[in-house]
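Student: Just model34.cif, nothing more (mmCIF, C-alpha atoms and all ligand atoms):
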data_upload
#
loop_
_atom_site.label_atom_id
_atom_site.label_comp_id
_atom_site.auth_asym_id
_atom_site.auth_seq_id
_atom_site.Cartn_x
_atom_site.Cartn_y
_atom_site.Cartn_z
CA MET A 1 -21.96 -3.41 -20.40
CA THR A 2 -21.81 -3.85 -24.18
CA ASP A 3 -20.14 -0.56 -25.15
CA ASP A 4 -16.52 0.48 -24.55
CA ARG A 5 -17.34 3.15 -21.95
CA LYS A 6 -14.74 3.23 -19.20
CA LEU A 7 -16.55 2.57 -15.92
CA GLY A 8 -16.13 5.17 -13.17
CA PHE A 9 -14.42 4.59 -9.82
CA ASP A 10 -17.68 4.31 -7.83
CA THR A 11 -18.96 1.64 -10.24
CA LEU A 12 -15.69 -0.31 -10.26
CA GLN A 13 -15.41 -0.36 -6.46
CA VAL A 14 -18.74 -2.25 -6.36
CA HIS A 15 -18.58 -4.35 -9.54
CA ALA A 16 -14.97 -5.04 -10.59
CA GLY A 17 -14.04 -8.71 -10.14
CA ALA A 18 -17.64 -9.65 -9.23
CA LYS A 19 -19.92 -11.88 -11.27
CA ALA A 20 -23.05 -13.70 -10.14
CA ASP A 21 -21.82 -17.04 -8.80
CA PRO A 22 -21.97 -19.55 -11.73
CA ALA A 23 -23.11 -22.42 -9.47
CA THR A 24 -25.84 -20.71 -7.39
CA GLY A 25 -26.46 -17.25 -8.86
CA ALA A 26 -25.42 -15.71 -5.52
CA ARG A 27 -25.19 -11.94 -6.11
CA GLN A 28 -22.50 -11.25 -3.53
CA ILE A 29 -19.09 -12.90 -4.09
CA PRO A 30 -19.22 -16.14 -2.05
CA ILE A 31 -16.48 -16.94 0.46
CA TYR A 32 -15.00 -19.98 -1.28
CA GLN A 33 -13.84 -21.68 1.91
CA THR A 34 -11.90 -24.47 0.23
CA THR A 35 -8.29 -25.56 0.08
CA ALA A 36 -8.44 -27.53 -3.19
CA TYR A 37 -10.47 -27.85 -6.41
CA VAL A 38 -11.61 -31.06 -8.13
CA PHE A 39 -9.89 -31.59 -11.50
CA LYS A 40 -12.07 -32.63 -14.46
CA ASP A 41 -9.60 -35.43 -15.31
CA ALA A 42 -5.88 -36.22 -15.25
CA ASP A 43 -5.22 -34.26 -18.44
CA HIS A 44 -6.95 -31.16 -17.01
CA ALA A 45 -4.80 -31.43 -13.86
CA ALA A 46 -1.59 -31.73 -15.93
CA ARG A 47 -2.50 -28.68 -18.06
CA LEU A 48 -3.19 -26.56 -14.97
CA PHE A 49 0.12 -27.55 -13.37
CA ASN A 50 1.94 -26.72 -16.64
CA LEU A 51 0.29 -23.25 -16.83
CA GLU A 52 -1.16 -24.32 -20.21
CA GLU A 53 -4.64 -23.59 -18.86
CA VAL A 54 -5.70 -21.06 -16.23
CA GLY A 55 -7.76 -22.44 -13.34
CA TYR A 56 -7.82 -23.31 -9.67
CA ILE A 57 -5.50 -25.93 -8.18
CA TYR A 58 -4.86 -25.13 -4.51
CA SER A 59 -5.69 -22.05 -2.44
CA ARG A 60 -2.06 -21.21 -1.56
CA LEU A 61 -1.84 -20.10 -5.21
CA ALA A 62 -5.35 -18.87 -6.04
CA ASN A 63 -8.89 -18.90 -4.65
CA PRO A 64 -11.97 -17.36 -6.35
CA THR A 65 -12.81 -14.94 -3.49
CA VAL A 66 -9.20 -13.83 -3.23
CA MET A 67 -8.84 -13.47 -7.02
CA ALA A 68 -11.98 -11.31 -7.15
CA LEU A 69 -10.30 -8.94 -4.68
CA ALA A 70 -7.06 -8.87 -6.72
CA GLU A 71 -9.07 -8.04 -9.84
CA ARG A 72 -11.01 -5.30 -8.04
CA ILE A 73 -7.91 -3.53 -6.69
CA ALA A 74 -6.18 -3.87 -10.08
CA ALA A 75 -9.21 -2.22 -11.75
CA LEU A 76 -9.20 0.66 -9.25
CA GLU A 77 -5.45 1.20 -9.72
CA GLY A 78 -5.65 0.96 -13.53
CA GLY A 79 -3.35 -2.09 -13.56
CA VAL A 80 -3.52 -5.26 -15.67
CA GLY A 81 -3.39 -7.70 -12.76
CA GLY A 82 -2.77 -8.11 -9.07
CA ILE A 83 -1.54 -10.47 -6.41
CA THR A 84 -3.03 -10.36 -2.93
CA CYS A 85 -1.04 -11.36 0.14
CA SER A 86 -1.39 -11.98 3.88
CA SER A 87 -0.23 -8.45 4.86
CA GLY A 88 1.18 -5.23 3.47
CA HIS A 89 4.68 -6.30 4.45
CA ALA A 90 4.21 -9.58 2.58
CA ALA A 91 3.14 -7.57 -0.49
CA GLN A 92 6.40 -5.59 -0.36
CA ILE A 93 8.48 -8.80 -0.40
CA MET A 94 6.26 -10.20 -3.17
CA ALA A 95 6.82 -7.03 -5.24
CA LEU A 96 10.60 -7.26 -4.87
CA PHE A 97 10.97 -11.05 -5.13
CA PRO A 98 10.85 -11.33 -8.97
CA LEU A 99 13.14 -8.30 -9.38
CA MET A 100 15.96 -8.97 -6.95
CA MET A 101 18.83 -11.45 -6.70
CA PRO A 102 21.58 -11.65 -4.05
CA GLY A 103 23.80 -8.56 -4.48
CA CYS A 104 20.97 -6.39 -5.85
CA ASN A 105 19.75 -3.19 -4.20
CA LEU A 106 16.77 -0.87 -4.26
CA VAL A 107 16.71 2.89 -3.79
CA ALA A 108 14.12 3.83 -1.16
CA SER A 109 12.72 7.02 0.32
CA THR A 110 13.92 8.12 3.76
CA ARG A 111 10.27 8.95 4.54
CA LEU A 112 8.84 5.42 4.40
CA TYR A 113 6.69 3.88 7.14
CA GLY A 114 9.01 2.78 9.97
CA GLY A 115 8.19 -0.92 9.60
CA THR A 116 9.22 -0.74 5.95
CA ILE A 117 12.49 0.98 6.84
CA THR A 118 13.21 -1.86 9.28
CA GLN A 119 12.24 -4.50 6.68
CA PHE A 120 14.55 -2.83 4.14
CA THR A 121 17.50 -2.12 6.46
CA GLN A 122 17.50 -5.39 8.40
CA THR A 123 15.41 -8.29 7.11
CA ILE A 124 16.09 -8.16 3.37
CA LYS A 125 19.83 -8.38 4.13
CA ARG A 126 19.21 -12.08 4.84
CA PHE A 127 18.26 -12.52 1.16
CA GLY A 128 21.44 -10.72 0.06
CA TRP A 129 19.43 -7.62 -0.94
CA SER A 130 20.06 -4.10 0.32
CA ALA A 131 18.37 -0.68 0.34
CA ARG A 132 19.85 2.79 -0.13
CA PHE A 133 17.78 5.49 1.54
CA VAL A 134 17.57 8.83 -0.22
CA ASP A 135 15.60 12.06 0.29
CA MET A 136 13.24 11.95 -2.70
CA ASP A 137 12.97 15.75 -2.72
CA ASP A 138 16.51 15.62 -4.11
CA PRO A 139 16.13 13.95 -7.56
CA GLU A 140 19.88 14.19 -8.23
CA ALA A 141 20.57 12.18 -5.06
CA VAL A 142 18.12 9.54 -6.26
CA ARG A 143 19.89 9.35 -9.64
CA ALA A 144 23.29 9.19 -7.93
CA ALA A 145 22.21 6.30 -5.68
CA ILE A 146 21.30 4.07 -8.67
CA ASP A 147 24.00 1.70 -9.93
CA ASP A 148 24.16 -1.42 -12.14
CA ASP A 149 22.80 -3.57 -9.31
CA THR A 150 19.75 -1.37 -8.58
CA ARG A 151 16.50 -3.11 -9.45
CA ALA A 152 13.81 -0.69 -8.23
CA ILE A 153 12.95 2.69 -6.74
CA PHE A 154 10.50 2.47 -3.81
CA CYS A 155 8.42 5.29 -2.29
CA GLU A 156 5.03 6.04 -0.71
CA SER A 157 2.51 8.37 -2.42
CA ILE A 158 1.47 9.95 0.91
CA ALA A 159 4.09 8.91 3.43
CA ASN A 160 3.13 7.51 6.82
CA PRO A 161 3.34 9.31 9.25
CA GLY A 162 4.56 12.72 8.09
CA GLY A 163 2.02 13.56 5.36
CA TYR A 164 4.92 13.93 2.90
CA ILE A 165 3.82 13.78 -0.77
CA THR A 166 6.22 12.14 -3.24
CA ASP A 167 6.66 13.69 -6.68
CA ILE A 168 5.77 10.41 -8.43
CA PRO A 169 6.25 11.65 -12.04
CA ALA A 170 9.75 12.88 -11.15
CA MET A 171 10.64 9.49 -9.61
CA ALA A 172 9.08 7.67 -12.60
CA ALA A 173 11.25 9.67 -15.01
CA ILE A 174 14.40 8.69 -13.09
CA ALA A 175 13.34 5.02 -12.97
CA ASN A 176 12.56 5.12 -16.69
CA ASP A 177 16.00 6.59 -17.54
CA ALA A 178 17.65 3.84 -15.46
CA GLY A 179 15.49 1.06 -17.00
CA ILE A 180 14.17 -0.04 -13.60
CA PRO A 181 10.63 -0.15 -12.16
CA LEU A 182 9.16 2.43 -9.79
CA ILE A 183 7.22 0.82 -6.92
CA VAL A 184 4.76 3.05 -5.05
CA ASP A 185 3.17 2.13 -1.72
CA ASN A 186 -0.29 3.69 -2.15
CA THR A 187 -1.63 2.60 1.26
CA SER A 188 -2.21 6.02 2.85
CA ALA A 189 -3.65 7.61 -0.30
CA THR A 190 -5.70 4.70 -1.76
CA PRO A 191 -6.50 4.57 -5.49
CA TYR A 192 -9.36 7.00 -4.86
CA LEU A 193 -6.97 9.85 -4.01
CA CYS A 194 -3.89 8.86 -6.02
CA ASN A 195 -3.26 6.82 -9.19
CA PRO A 196 0.46 6.03 -9.20
CA ILE A 197 0.22 4.03 -12.46
CA ALA A 198 -1.28 7.01 -14.31
CA LEU A 199 1.62 9.08 -12.89
CA GLY A 200 4.23 6.63 -14.23
CA ALA A 201 4.64 3.90 -11.57
CA THR A 202 5.32 0.31 -12.67
CA LEU A 203 4.02 -1.47 -9.57
CA VAL A 204 1.72 -0.37 -6.74
CA VAL A 205 1.76 -2.04 -3.32
CA HIS A 206 -0.89 -1.81 -0.61
CA SER A 207 -1.43 -2.69 2.96
CA THR A 208 -5.13 -3.56 2.46
CA THR A 209 -5.25 -3.69 6.27
CA LYS A 210 -5.80 0.10 6.19
CA TYR A 211 -8.30 2.16 4.14
CA LEU A 212 -9.17 -0.52 1.56
CA THR A 213 -10.69 -2.76 4.26
CA GLY A 214 -11.36 0.40 6.22
CA ASN A 215 -12.58 -0.83 9.57
CA GLY A 216 -9.61 -2.44 11.27
CA THR A 217 -10.74 -6.06 10.87
CA VAL A 218 -8.15 -8.01 8.81
CA THR A 219 -4.56 -7.73 7.65
CA GLY A 220 -3.78 -8.05 3.96
CA GLY A 221 -1.70 -6.72 1.12
CA ALA A 222 -1.68 -6.41 -2.65
CA VAL A 223 0.76 -5.85 -5.50
CA ILE A 224 -0.70 -4.37 -8.68
CA ASP A 225 1.17 -4.40 -11.98
CA SER A 226 0.77 -1.69 -14.61
CA GLY A 227 1.70 -4.24 -17.29
CA LYS A 228 3.82 -1.55 -18.95
CA PHE A 229 7.38 -2.54 -18.04
CA ASP A 230 9.57 -4.38 -20.55
CA TRP A 231 11.09 -7.08 -18.32
CA SER A 232 13.20 -8.47 -21.21
CA ALA A 233 14.84 -5.21 -22.36
CA SER A 234 17.94 -5.27 -20.15
CA GLY A 235 18.59 -8.79 -18.89
CA LYS A 236 18.33 -7.39 -15.34
CA PHE A 237 15.16 -9.32 -14.51
CA PRO A 238 15.91 -12.99 -15.34
CA SER A 239 13.08 -14.32 -13.13
CA LEU A 240 10.68 -12.79 -15.65
CA SER A 241 12.70 -12.96 -18.87
CA ALA A 242 14.88 -16.12 -18.66
CA PRO A 243 13.73 -19.76 -18.74
CA GLU A 244 12.10 -20.82 -15.42
CA PRO A 245 13.40 -24.30 -14.50
CA ALA A 246 10.38 -25.06 -12.28
CA TYR A 247 8.05 -24.62 -15.31
CA HIS A 248 10.04 -26.60 -17.93
CA GLY A 249 11.92 -23.52 -19.14
CA LEU A 250 8.88 -21.24 -19.55
CA LYS A 251 9.89 -17.59 -20.11
CA PHE A 252 7.20 -15.64 -18.24
CA HIS A 253 7.56 -12.37 -20.14
CA GLU A 254 7.79 -13.99 -23.57
CA ALA A 255 4.83 -16.31 -22.90
CA LEU A 256 2.53 -14.02 -20.91
CA GLY A 257 3.42 -10.48 -22.05
CA PRO A 258 1.85 -7.81 -19.79
CA MET A 259 0.56 -10.51 -17.39
CA ALA A 260 4.07 -11.90 -16.75
CA PHE A 261 4.55 -10.24 -13.35
CA THR A 262 1.08 -11.26 -12.10
CA PHE A 263 1.41 -14.88 -13.23
CA HIS A 264 4.92 -15.13 -11.79
CA GLY A 265 3.63 -13.74 -8.49
CA ILE A 266 1.00 -16.44 -8.27
CA ALA A 267 2.74 -19.39 -9.91
CA VAL A 268 6.17 -18.90 -8.28
CA GLY A 269 5.80 -16.25 -5.53
CA LEU A 270 2.69 -17.49 -3.74
CA ARG A 271 3.48 -21.11 -4.56
CA ASP A 272 6.92 -20.99 -2.92
CA LEU A 273 6.76 -18.14 -0.39
CA GLY A 274 3.17 -18.90 0.63
CA MET A 275 2.27 -15.39 1.87
CA THR A 276 -1.30 -15.99 0.75
CA MET A 277 -4.43 -14.05 1.69
CA ASN A 278 -7.28 -16.22 3.00
CA PRO A 279 -10.83 -16.05 1.56
CA GLN A 280 -12.39 -14.72 4.80
CA GLY A 281 -9.89 -11.87 4.82
CA ALA A 282 -10.55 -11.15 1.14
CA HIS A 283 -14.31 -11.04 1.86
CA TYR A 284 -13.91 -8.34 4.53
CA THR A 285 -11.71 -6.29 2.22
CA LEU A 286 -14.15 -6.65 -0.72
CA MET A 287 -16.94 -5.38 1.58
CA GLY A 288 -14.78 -2.45 2.65
CA ILE A 289 -13.82 -1.44 -0.89
CA GLU A 290 -17.52 -1.14 -1.89
CA THR A 291 -17.65 2.14 0.09
CA LEU A 292 -14.06 3.33 -0.40
CA SER A 293 -14.83 6.58 -2.26
CA LEU A 294 -17.56 7.57 0.23
CA ARG A 295 -15.30 6.94 3.20
CA MET A 296 -12.31 8.72 1.66
CA GLU A 297 -14.40 11.84 0.95
CA LYS A 298 -15.40 11.95 4.64
CA HIS A 299 -11.87 11.10 5.88
CA VAL A 300 -10.44 13.97 3.80
CA ALA A 301 -13.15 16.52 4.76
CA ASN A 302 -12.71 15.67 8.46
CA ALA A 303 -8.90 15.76 8.23
CA MET A 304 -8.97 19.19 6.57
CA LYS A 305 -11.29 20.64 9.22
CA ILE A 306 -9.37 19.15 12.15
CA ALA A 307 -5.89 19.97 10.79
CA THR A 308 -7.02 23.59 10.25
CA TRP A 309 -8.40 23.78 13.79
CA LEU A 310 -5.20 22.30 15.25
CA GLU A 311 -2.95 24.62 13.25
CA ASN A 312 -4.75 27.66 14.66
CA ASP A 313 -4.56 26.43 18.26
CA PRO A 314 -1.81 28.08 20.34
CA ARG A 315 -1.09 24.78 22.17
CA ILE A 316 0.10 23.26 18.87
CA GLU A 317 3.53 23.89 17.39
CA LYS A 318 3.13 22.25 13.98
CA VAL A 319 0.73 20.19 11.86
CA THR A 320 2.13 18.32 8.82
CA TYR A 321 -1.09 17.90 6.80
CA ALA A 322 -0.36 18.52 3.11
CA GLY A 323 -3.92 19.77 2.60
CA LEU A 324 -3.03 22.93 4.58
CA PRO A 325 -1.82 25.88 2.47
CA SER A 326 1.10 26.23 4.93
CA SER A 327 2.46 22.76 4.00
CA PRO A 328 5.57 22.69 1.78
CA TYR A 329 3.84 19.87 -0.13
CA HIS A 330 0.57 21.72 -0.69
CA GLU A 331 1.43 22.53 -4.32
CA ARG A 332 2.05 18.84 -5.08
CA ILE A 333 -1.36 17.76 -3.87
CA ALA A 334 -3.18 19.01 -6.96
CA ARG A 335 -0.85 16.96 -9.18
CA ILE A 336 -0.43 13.81 -7.10
CA CYS A 337 -3.65 13.51 -5.06
CA PRO A 338 -6.20 15.74 -6.80
CA LYS A 339 -9.09 14.60 -4.56
CA GLY A 340 -7.35 15.44 -1.28
CA ALA A 341 -4.34 14.91 0.95
CA GLY A 342 -5.64 11.87 2.83
CA ALA A 343 -6.35 11.76 6.55
CA LEU A 344 -2.99 11.01 8.12
CA PHE A 345 -0.69 13.61 9.63
CA THR A 346 1.52 14.42 12.58
CA VAL A 347 1.10 17.08 15.24
CA SER A 348 3.77 18.61 17.47
CA VAL A 349 2.35 19.69 20.81
CA ARG A 350 3.95 22.54 22.78
CA GLY A 351 5.59 20.80 25.71
CA GLY A 352 7.36 18.14 23.62
CA TYR A 353 7.44 14.45 24.46
CA GLU A 354 5.67 14.75 27.86
CA ALA A 355 2.77 16.72 26.36
CA CYS A 356 2.46 14.22 23.45
CA VAL A 357 2.19 11.28 25.80
CA LYS A 358 -0.37 13.10 28.02
CA LEU A 359 -2.40 14.00 24.93
CA VAL A 360 -2.55 10.36 23.83
CA ASP A 361 -3.56 9.24 27.34
CA SER A 362 -6.23 11.95 27.73
CA LEU A 363 -8.21 11.36 24.52
CA GLU A 364 -11.55 9.59 24.86
CA LEU A 365 -12.93 9.15 21.31
CA PHE A 366 -9.55 8.59 19.64
CA SER A 367 -8.16 5.07 20.10
CA HIS A 368 -4.51 4.63 21.01
CA VAL A 369 -3.54 1.85 18.55
CA ALA A 370 -0.81 0.89 16.07
CA ASN A 371 -2.99 1.18 12.98
CA LEU A 372 -4.32 3.73 10.50
CA GLY A 373 -7.08 3.97 7.94
CA ASP A 374 -9.90 2.87 10.25
CA THR A 375 -13.41 4.37 10.34
CA ARG A 376 -12.47 5.29 13.93
CA SER A 377 -9.98 8.08 14.66
CA LEU A 378 -6.65 6.75 15.90
CA ILE A 379 -3.58 8.23 17.53
CA ILE A 380 -0.10 6.98 18.35
CA HIS A 381 3.28 8.27 19.44
CA SER A 382 5.29 6.86 16.50
CA ALA A 383 8.81 7.33 17.92
CA SER A 384 8.17 4.96 20.85
CA THR A 385 6.05 2.45 18.87
CA THR A 386 5.81 2.02 15.06
CA HIS A 387 9.14 3.80 14.47
CA ARG A 388 10.88 2.49 17.62
CA GLN A 389 13.46 0.35 15.76
CA LEU A 390 14.77 3.40 13.87
CA THR A 391 17.75 5.55 14.85
CA PRO A 392 16.92 9.12 16.02
CA GLU A 393 18.14 10.41 12.62
CA GLN A 394 15.90 7.95 10.75
CA GLN A 395 12.94 8.94 12.96
CA GLU A 396 13.45 12.64 12.17
CA ALA A 397 13.86 11.93 8.45
CA ALA A 398 10.65 9.89 8.46
CA GLY A 399 8.80 12.73 10.25
CA ALA A 400 8.40 10.63 13.40
CA GLY A 401 10.57 12.44 15.96
CA PRO A 402 9.92 12.08 19.73
CA SER A 403 7.82 15.25 20.04
CA VAL A 404 5.16 14.43 17.45
CA VAL A 405 2.07 12.23 17.51
CA ARG A 406 0.53 10.61 14.44
CA ILE A 407 -3.19 11.06 13.91
CA SER A 408 -5.40 9.01 11.55
CA ILE A 409 -8.69 10.85 11.22
CA GLY A 410 -11.81 8.67 11.00
CA ILE A 411 -15.29 9.29 9.66
CA GLU A 412 -16.99 10.38 12.91
CA ASP A 413 -18.48 13.90 13.32
CA ALA A 414 -15.55 16.31 13.02
CA ASP A 415 -16.92 18.53 15.80
CA ASP A 416 -16.91 15.61 18.24
CA LEU A 417 -13.27 14.85 17.36
CA ILE A 418 -12.34 18.52 17.82
CA ALA A 419 -14.07 18.58 21.22
CA ASP A 420 -12.13 15.47 22.27
CA LEU A 421 -8.81 16.99 21.10
CA ASP A 422 -9.67 20.24 22.89
CA GLN A 423 -10.23 18.59 26.27
CA ALA A 424 -7.16 16.35 25.88
CA LEU A 425 -4.92 19.27 24.87
CA ALA A 426 -6.14 21.20 27.94
CA ARG A 427 -4.97 18.33 30.15
CA ALA A 428 -1.75 17.71 28.18
CA THR A 429 -0.59 21.32 28.35
CA ALA A 430 -1.94 22.25 31.82
N1 LIG B 501 2.81 0.40 4.22
C1 LIG B 501 2.33 1.37 5.00
C2 LIG B 501 2.28 2.77 4.49
C3 LIG B 501 1.88 1.08 6.29
O1 LIG B 501 1.39 2.06 7.05
C4 LIG B 501 1.94 -0.26 6.76
C5 LIG B 501 1.51 -0.60 8.12
O2 LIG B 501 1.26 0.25 8.94
C6 LIG B 501 2.46 -1.24 5.90
C7 LIG B 501 2.88 -0.88 4.64
C8 LIG B 501 2.55 -2.68 6.34
O3 LIG B 501 1.28 -3.23 6.26
P1 LIG B 501 0.79 -4.47 7.15
O4 LIG B 501 0.70 -3.99 8.56
O5 LIG B 501 -0.54 -4.83 6.56
O6 LIG B 501 1.81 -5.54 6.98
#
For this file, write the structure as structure tokens.
Ligand code: PLP

Tutor:
Amino acid sequence: MTDDRKLGFDTLQVHAGAKADPATGARQIPIYQTTAYVFKDADHAARLFNLEEVGYIYSRLANPTVMALAERIAALEGGVGGITCSSGHAAQIMALFPLMMPGCNLVASTRLYGGTITQFTQTIKRFGWSARFVDMDDPEAVRAAIDDDTRAIFCESIANPGGYITDIPAMAAIANDAGIPLIVDNTSATPYLCNPIALGATLVVHSTTKYLTGNGTVTGGAVIDSGKFDWSASGKFPSLSAPEPAYHGLKFHEALGPMAFTFHGIAVGLRDLGMTMNPQGAHYTLMGIETLSLRMEKHVANAMKIATWLENDPRIEKVTYAGLPSSPYHERIARICPKGAGALFTVSVRGGYEACVKLVDSLELFSHVANLGDTRSLIIHSASTTHRQLTPEQQEAAGAGPSVVRISIGIEDADDLIADLDQALARATA
């Protein structure tokens, strides 16, 4: 395109990051199945290693197929750059790595995905980092939890599993006042339904394992940078603002401006932590993203129809879908996810834990798996699986108590899914 028109989402999901292959003219992005890249000469190699020239060295740092995916997700999120990783959990560590030092903390939502709560309560302690969990519906509690050692606020746009919607602009305002970045996990919403950067987020993280790939084939993750944060303003982020000994004293922010976070993620994060996405994985995710908007439209339409049907069924106690007018988060949807409330929610079945387990075991079209964001409809009892490591209080706060099941609605015919739920509920509540 020769004019300055901003391309639309449906165009970007097909074209962003893709060029005809310079060697062969291949229209689809080739899977560059290579570990290393031949240098033109010794001087070229030295310049690449010094970050004086951008190019490919070794696939732990960068690979053309993988970089095309990073560029595509960054375009969809409205960011300046991105880093892809081997999983969503890897992406979370990669997002925090340049911000944190031993003794630093982050302020995180009580309603995060259970695996993230475990990563933040247990594993990051080994790095000397810690997390303070706060109800993000209480902005004053979020403000009060921030101290001089806080380096980020972390939330999910649509929280897994409870369908809770975070007031991202309110969290962004608090982060801005404190001079720290807001990190939003946009996995359950996808950039089609929610644009955290436009709402004030600094960084967006994804488990690309879910809707972006969309068919349950590969694990992956991504960190997207808005390019808007001033990493040098406070002295709190020396990895990005102070001289980097491993690059002859290079100051990433001074030298690379808005691309500092992305370059640091590749040149230091992937180089030394090695949580790299492989080109085969990137290929599957690129294929998935080409149809993201079409799938999300169907996911949302199906979820709305099925959540409405469930809510009106006397065998059901509660449905947490924010698309329903009865949801306490319904008003936020128009502001945070204008194209719909996603396709993930929890259901409480009359009869409690026993009925939930029988429901899961009686379904025929729904798959009982620990995943979400698949073309297929999925169900799981979170309290005994994905949220098992949490205390009962943490499970309740995350919306994953023992008497609820989590449902991820796929893109099948909604009437077939309703018929399956109907027969399974009959058996579960008999
Ligand atoms: N974030 C959310 C919202 C998730 O649901 C998950 C996994 O279920 C993750 C992060 C972690 O992603 P991955 O399983 O790709 O490591």

Student: Quick one: residues within 9 Å of Ile29 in chain A, all atoms listed in the file counted, chain neighbours fewer than 6 positions away excluded, as a list in words?

Tutor: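 So, after excluding close chain neighbours, the residues are Gly17, Ala18, Lys19, Ala20, Asp21, Pro64, Thr65, Ala68, His283 and Leu286 of chain A.
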
Student: Please identify all polymer residues within 10 Å of Asp167 in chain A, counting only C-alpha atoms, omitting same-chain residues fewer than 4 positions from it, and present them as a short mmCIF file (atom, residue, chain, number, x, y, z; two decimals) with C-alpha atoms, in the frame of the given file.

Tutor:
data_model
loop_
_atom_site.label_atom_id
_atom_site.label_comp_id
_atom_site.auth_asym_id
_atom_site.auth_seq_id
_atom_site.Cartn_x
_atom_site.Cartn_y
_atom_site.Cartn_z
CA MET A 136 13.24 11.95 -2.70
CA ASP A 137 12.97 15.75 -2.72
CA PRO A 139 16.13 13.95 -7.56
CA CYS A 155 8.42 5.29 -2.29
CA GLU A 156 5.03 6.04 -0.71
CA SER A 157 2.51 8.37 -2.42
CA ILE A 158 1.47 9.95 0.91
CA MET A 171 10.64 9.49 -9.61
CA ALA A 172 9.08 7.67 -12.60
CA LEU A 199 1.62 9.08 -12.89
CA TYR A 329 3.84 19.87 -0.13
CA ARG A 332 2.05 18.84 -5.08
CA ILE A 333 -1.36 17.76 -3.87
CA ARG A 335 -0.85 16.96 -9.18
CA ILE A 336 -0.43 13.81 -7.10
#

Student: Can you work out which one of A:Ala75, A:Ala175, A:Cys85, A:Ala343 has the shortest atom-to-atom distance to ligand LIG 501 (chain B), counting only C-alpha atoms and all ligand atoms?

Tutor: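 For ligand LIG 501 (chain B), the nearest of the given residues is A:Cys85.
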
Student: Please provide as a VMD selection string all residues within 10 Å of Asp149 in chain A, with the sequence filter that same-chain residues fewer than 5 positions apart are discarded (counting only C-alpha atoms).

Tutor: chain A and resid 100 to 106 129 236

Student: Emit the selected residues as a compact mmCIF listing (two decimals), in the frame of the given file, including C-alpha atoms.

Tutor:
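Once written, again_10.txt looks like this:
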# COMPACT_ATOMS: atom_id res chain seq x y z
CA MET A 100 15.96 -8.97 -6.95
CA MET A 101 18.83 -11.45 -6.70
CA PRO A 102 21.58 -11.65 -4.05
CA GLY A 103 23.80 -8.56 -4.48
CA CYS A 104 20.97 -6.39 -5.85
CA ASN A 105 19.75 -3.19 -4.20
CA LEU A 106 16.77 -0.87 -4.26
CA TRP A 129 19.43 -7.62 -0.94
CA LYS A 236 18.33 -7.39 -15.34

Student: Just give me the residues with any atom within 9 Å of (2.6, -5.2, 5.5), file coordinates, counting only C-alpha atoms, written as a list of chain:residue names.

Tutor: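 So the residues meeting the distance criterion are A:Cys85, A:Ser86, A:Ser87, A:Gly88, A:His89, A:Ala90, A:Ala91, A:Gln92, A:Gly115, A:Thr116, A:His206, A:Ser207, A:Thr208, A:Thr209, A:Thr219, A:Gly220, A:Gly221.
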
Student: Using only C-alpha atoms, which of A:Thr166, A:Ser408, A:Asn63, A:Asn195 sits nearest His299 in chain A?

Tutor: A:Ser408

Student: I'd like to know which of A:Tyr37, A:Phe9, A:Phe120, A:Tyr56 is closest to ligand LIG 501 (chain B), using all atoms listed in the file.

Tutor: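 For ligand LIG 501 (chain B), the nearest of the given residues is A:Phe120.
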
Student: List every protein, DNA or RNA residue that has an atom no more than 12 Å from (9.2, -21.2, -13.9) in the file's coordinate frame, counting only C-alpha atoms, and report them as a ChimeraX atom specification.

Tutor: /A:49-51,98,238-253,255,260-261,263-269,271-272

Student: Could you check how far CA of Ile93 in chain A sits from atom N1 of ligand LIG 501 (chain B), in Å to one decimal?

Tutor: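 Rounded to one decimal, the two atoms are 11.8 Å apart.
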
Student: Distance CA of Met277 in chain A-CA of Ile407 in chain A, one decimal place?

Tutor: 28.0 Å
